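J.: Mind having a look at this structure? Questions to follow.
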Amino acid sequence: MSRKGLRKVDALIRLMSYALAHKPDEFGLAPDLHGFVNIKELLQAFHEEPEWKYVRQSHINEALIHSKNGLFQLKDNRIRATERHWGHVLAPPSLPPPKTMFSPIRRRAHHHTFKKGLHTAEDRWIILCPDREMALRIGKRKDPSPVILEIRALEAHRDGIPFFRLGSLLLANEILPKYIGGPLPPKEEPKKASEAPKQTQKDRMNLGAGTFVLDITRDPDPQRRTKGRKPKGWKEDARKIRREKRR
């Protein structure tokens, strides 16, 4: 590899170390209980920086090959720093959280969230950000037009909802609807794909000029319309025809 290539690999190793071992919150990353981050999410975070838009999975693999002393560990599609300096994610905040924090959701989850609140799997986190800009940055990784919710974090904290601090971010497993504010969802909930109206016979027949619909049940050839086994006695009929031809 050329010197220029090695310099780029070394720079990427330093960036990965900073994001995974020191300041994941600056990239809007919330490692799971074991410190792992999804590689896809890591790449999305890097792509938000203009000078790192070129980074792909292959570059991550190359950085792993050239990194020394086992700096990183892979498991399935996740990666973590072997030594992490951002503290234990289960440490509760030493001070009460801000009155309001911000959390992004997909637009299609807008109605559901206002009715049911925010919930996540045991090894995942709901991320609360101190400002809208970071919430928007995180939200765009899953939806080009995310909805930014306003979370009454201080009120939830006083009511006993557990939060955990990760740098400037707060993490939670559940946020009840009464603590959620922000833009109200549309009056009508968007229909799911399975709820799309079925095409009627009238719609199918409403075609442009010069077009027609093929209907196999209206085939004029009775031979093609016949389904299943041939009628009983067809062999005798065939023999009778052959005998008549010989006469």
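Identifiers in the structure tokens: chain A, B, ... in order shown; residue index from 1 per chain; ligand index from 1 in order shown.
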Quick one: residues within 7 Å of Trp86 in chain A, only C-alpha atoms counted, chain neighbours fewer than 4 positions away excluded, as a CSV table (one decimal) with N, CA and C atoms, in the first residue's frame?

T.:
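Generated output (selection-v7.csv):
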```csv
chain,number,residue,atom,x,y,z
A,21,ALA,N,-14.3,4.6,21.3
A,21,ALA,CA,-13.7,4.4,22.6
A,21,ALA,C,-13.8,5.7,23.5
A,22,HIS,N,-14.0,6.8,22.9
A,22,HIS,CA,-14.0,8.1,23.7
A,22,HIS,C,-15.3,8.9,23.6
A,23,LYS,N,-15.8,9.3,22.5
A,23,LYS,CA,-16.9,10.2,22.4
A,23,LYS,C,-18.0,9.7,21.4
```

J.: Within 7 Å of Ala172 in chain A, counting only C-alpha atoms, which residues show up once you throw out same-chain ones fewer than 4 positions away? Write them as a PDB file with N, CA and C atoms, in the first residue's frame, please.

T.:
```
ATOM      1  N   TRP A 125     -31.416   1.607  22.849  1.00  0.00           N
ATOM      2  CA  TRP A 125     -31.716   2.782  23.650  1.00  0.00           C
ATOM      3  C   TRP A 125     -32.584   3.767  22.871  1.00  0.00           C
ATOM      4  N   ILE A 126     -33.439   4.465  23.607  1.00  0.00           N
ATOM      5  CA  ILE A 126     -34.066   5.684  23.100  1.00  0.00           C
ATOM      6  C   ILE A 126     -33.092   6.806  23.391  1.00  0.00           C
ATOM      7  N   ILE A 127     -32.737   7.563  22.371  1.00  0.00           N
ATOM      8  CA  ILE A 127     -31.727   8.616  22.522  1.00  0.00           C
ATOM      9  C   ILE A 127     -32.419   9.966  22.686  1.00  0.00           C
ATOM     10  N   PRO A 162     -36.235   6.044  34.716  1.00  0.00           N
ATOM     11  CA  PRO A 162     -34.768   5.995  34.764  1.00  0.00           C
ATOM     12  C   PRO A 162     -34.130   6.504  33.466  1.00  0.00           C
ATOM     13  N   PHE A 163     -33.135   7.335  33.613  1.00  0.00           N
ATOM     14  CA  PHE A 163     -32.315   7.808  32.508  1.00  0.00           C
ATOM     15  C   PHE A 163     -30.863   7.463  32.789  1.00  0.00           C
ATOM     16  N   PHE A 164     -30.078   7.338  31.720  1.00  0.00           N
ATOM     17  CA  PHE A 164     -28.656   7.064  31.838  1.00  0.00           C
ATOM     18  C   PHE A 164     -27.916   8.031  30.927  1.00  0.00           C
TER      19      PHE A 164
END
```

J.: Write out as JSON, numbers by chain each polymer residue whose atoms come within 10 Å of Lys99 in chain A, counting only C-alpha atoms; drop sequence neighbours fewer than 6 positions from it.

T.: {"A": [130, 150, 151, 152, 153, 154, 155, 156, 157]}

J.: Would you save the residues of that selection, restricted to C-alpha atoms, as a compact mmCIF listing (two decimals), in the first residue's frame?

T.:
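out-v2.txt written:
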```txt
# COMPACT_ATOMS: atom_id res chain seq x y z
CA PRO A 130 -29.89 18.35 24.19
CA GLU A 150 -39.96 17.24 22.69
CA ILE A 151 -39.45 15.06 25.76
CA ARG A 152 -40.25 16.50 29.19
CA ALA A 153 -37.19 14.81 30.66
CA LEU A 154 -37.11 16.61 34.01
CA GLU A 155 -40.76 15.79 34.72
CA ALA A 156 -40.19 12.15 33.75
CA HIS A 157 -37.09 11.99 35.95
```

J.: Taking 5 positions as the minimum chain separation for residues in the same chain, which residues sit within 8 Å of Arg106 in chain A when counting only C-alpha atoms? Answer as a list in words.

T.: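 Final neighbour list, sorted by chain and number: Gly139, Lys142, Asp143, Ser145, Pro146 and Val147 of chain A.
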
J.: Convert the current residue selection to file output with C-alpha atoms, as a tab-separated table (two decimals), in the first residue's frame.

T.:
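As written to disk, out_6.tsv reads:
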```tsv
chain	number	residue	atom	x	y	z
A	139	GLY	CA	-33.27	10.93	12.81
A	142	LYS	CA	-33.66	6.27	9.37
A	143	ASP	CA	-36.05	8.77	7.76
A	145	SER	CA	-37.93	13.75	7.14
A	146	PRO	CA	-38.02	12.61	10.76
A	147	VAL	CA	-40.34	14.01	13.41
```

J.: Leaving out range 27-32 of chain A and any residue of its chain fewer than 4 positions from it, which residues lie within 10 Å of it when counting only C-alpha atoms, given as an MDAnalysis selection string?

T.: chainID A and resid 18:20 23 36:38 41:42 44:46 48:49 78:80 89 122:129 134:135 137:139 166 168:171

J.: Would you please give, as JSON, numbers by chain, all residues of range 37-114 of chain A that DSSP assigns to strand (DSSP E) based on the backbone?

T.: {"A": [37, 38, 72, 73, 74, 75, 78, 79, 80, 81, 101, 102, 103, 104, 105]}
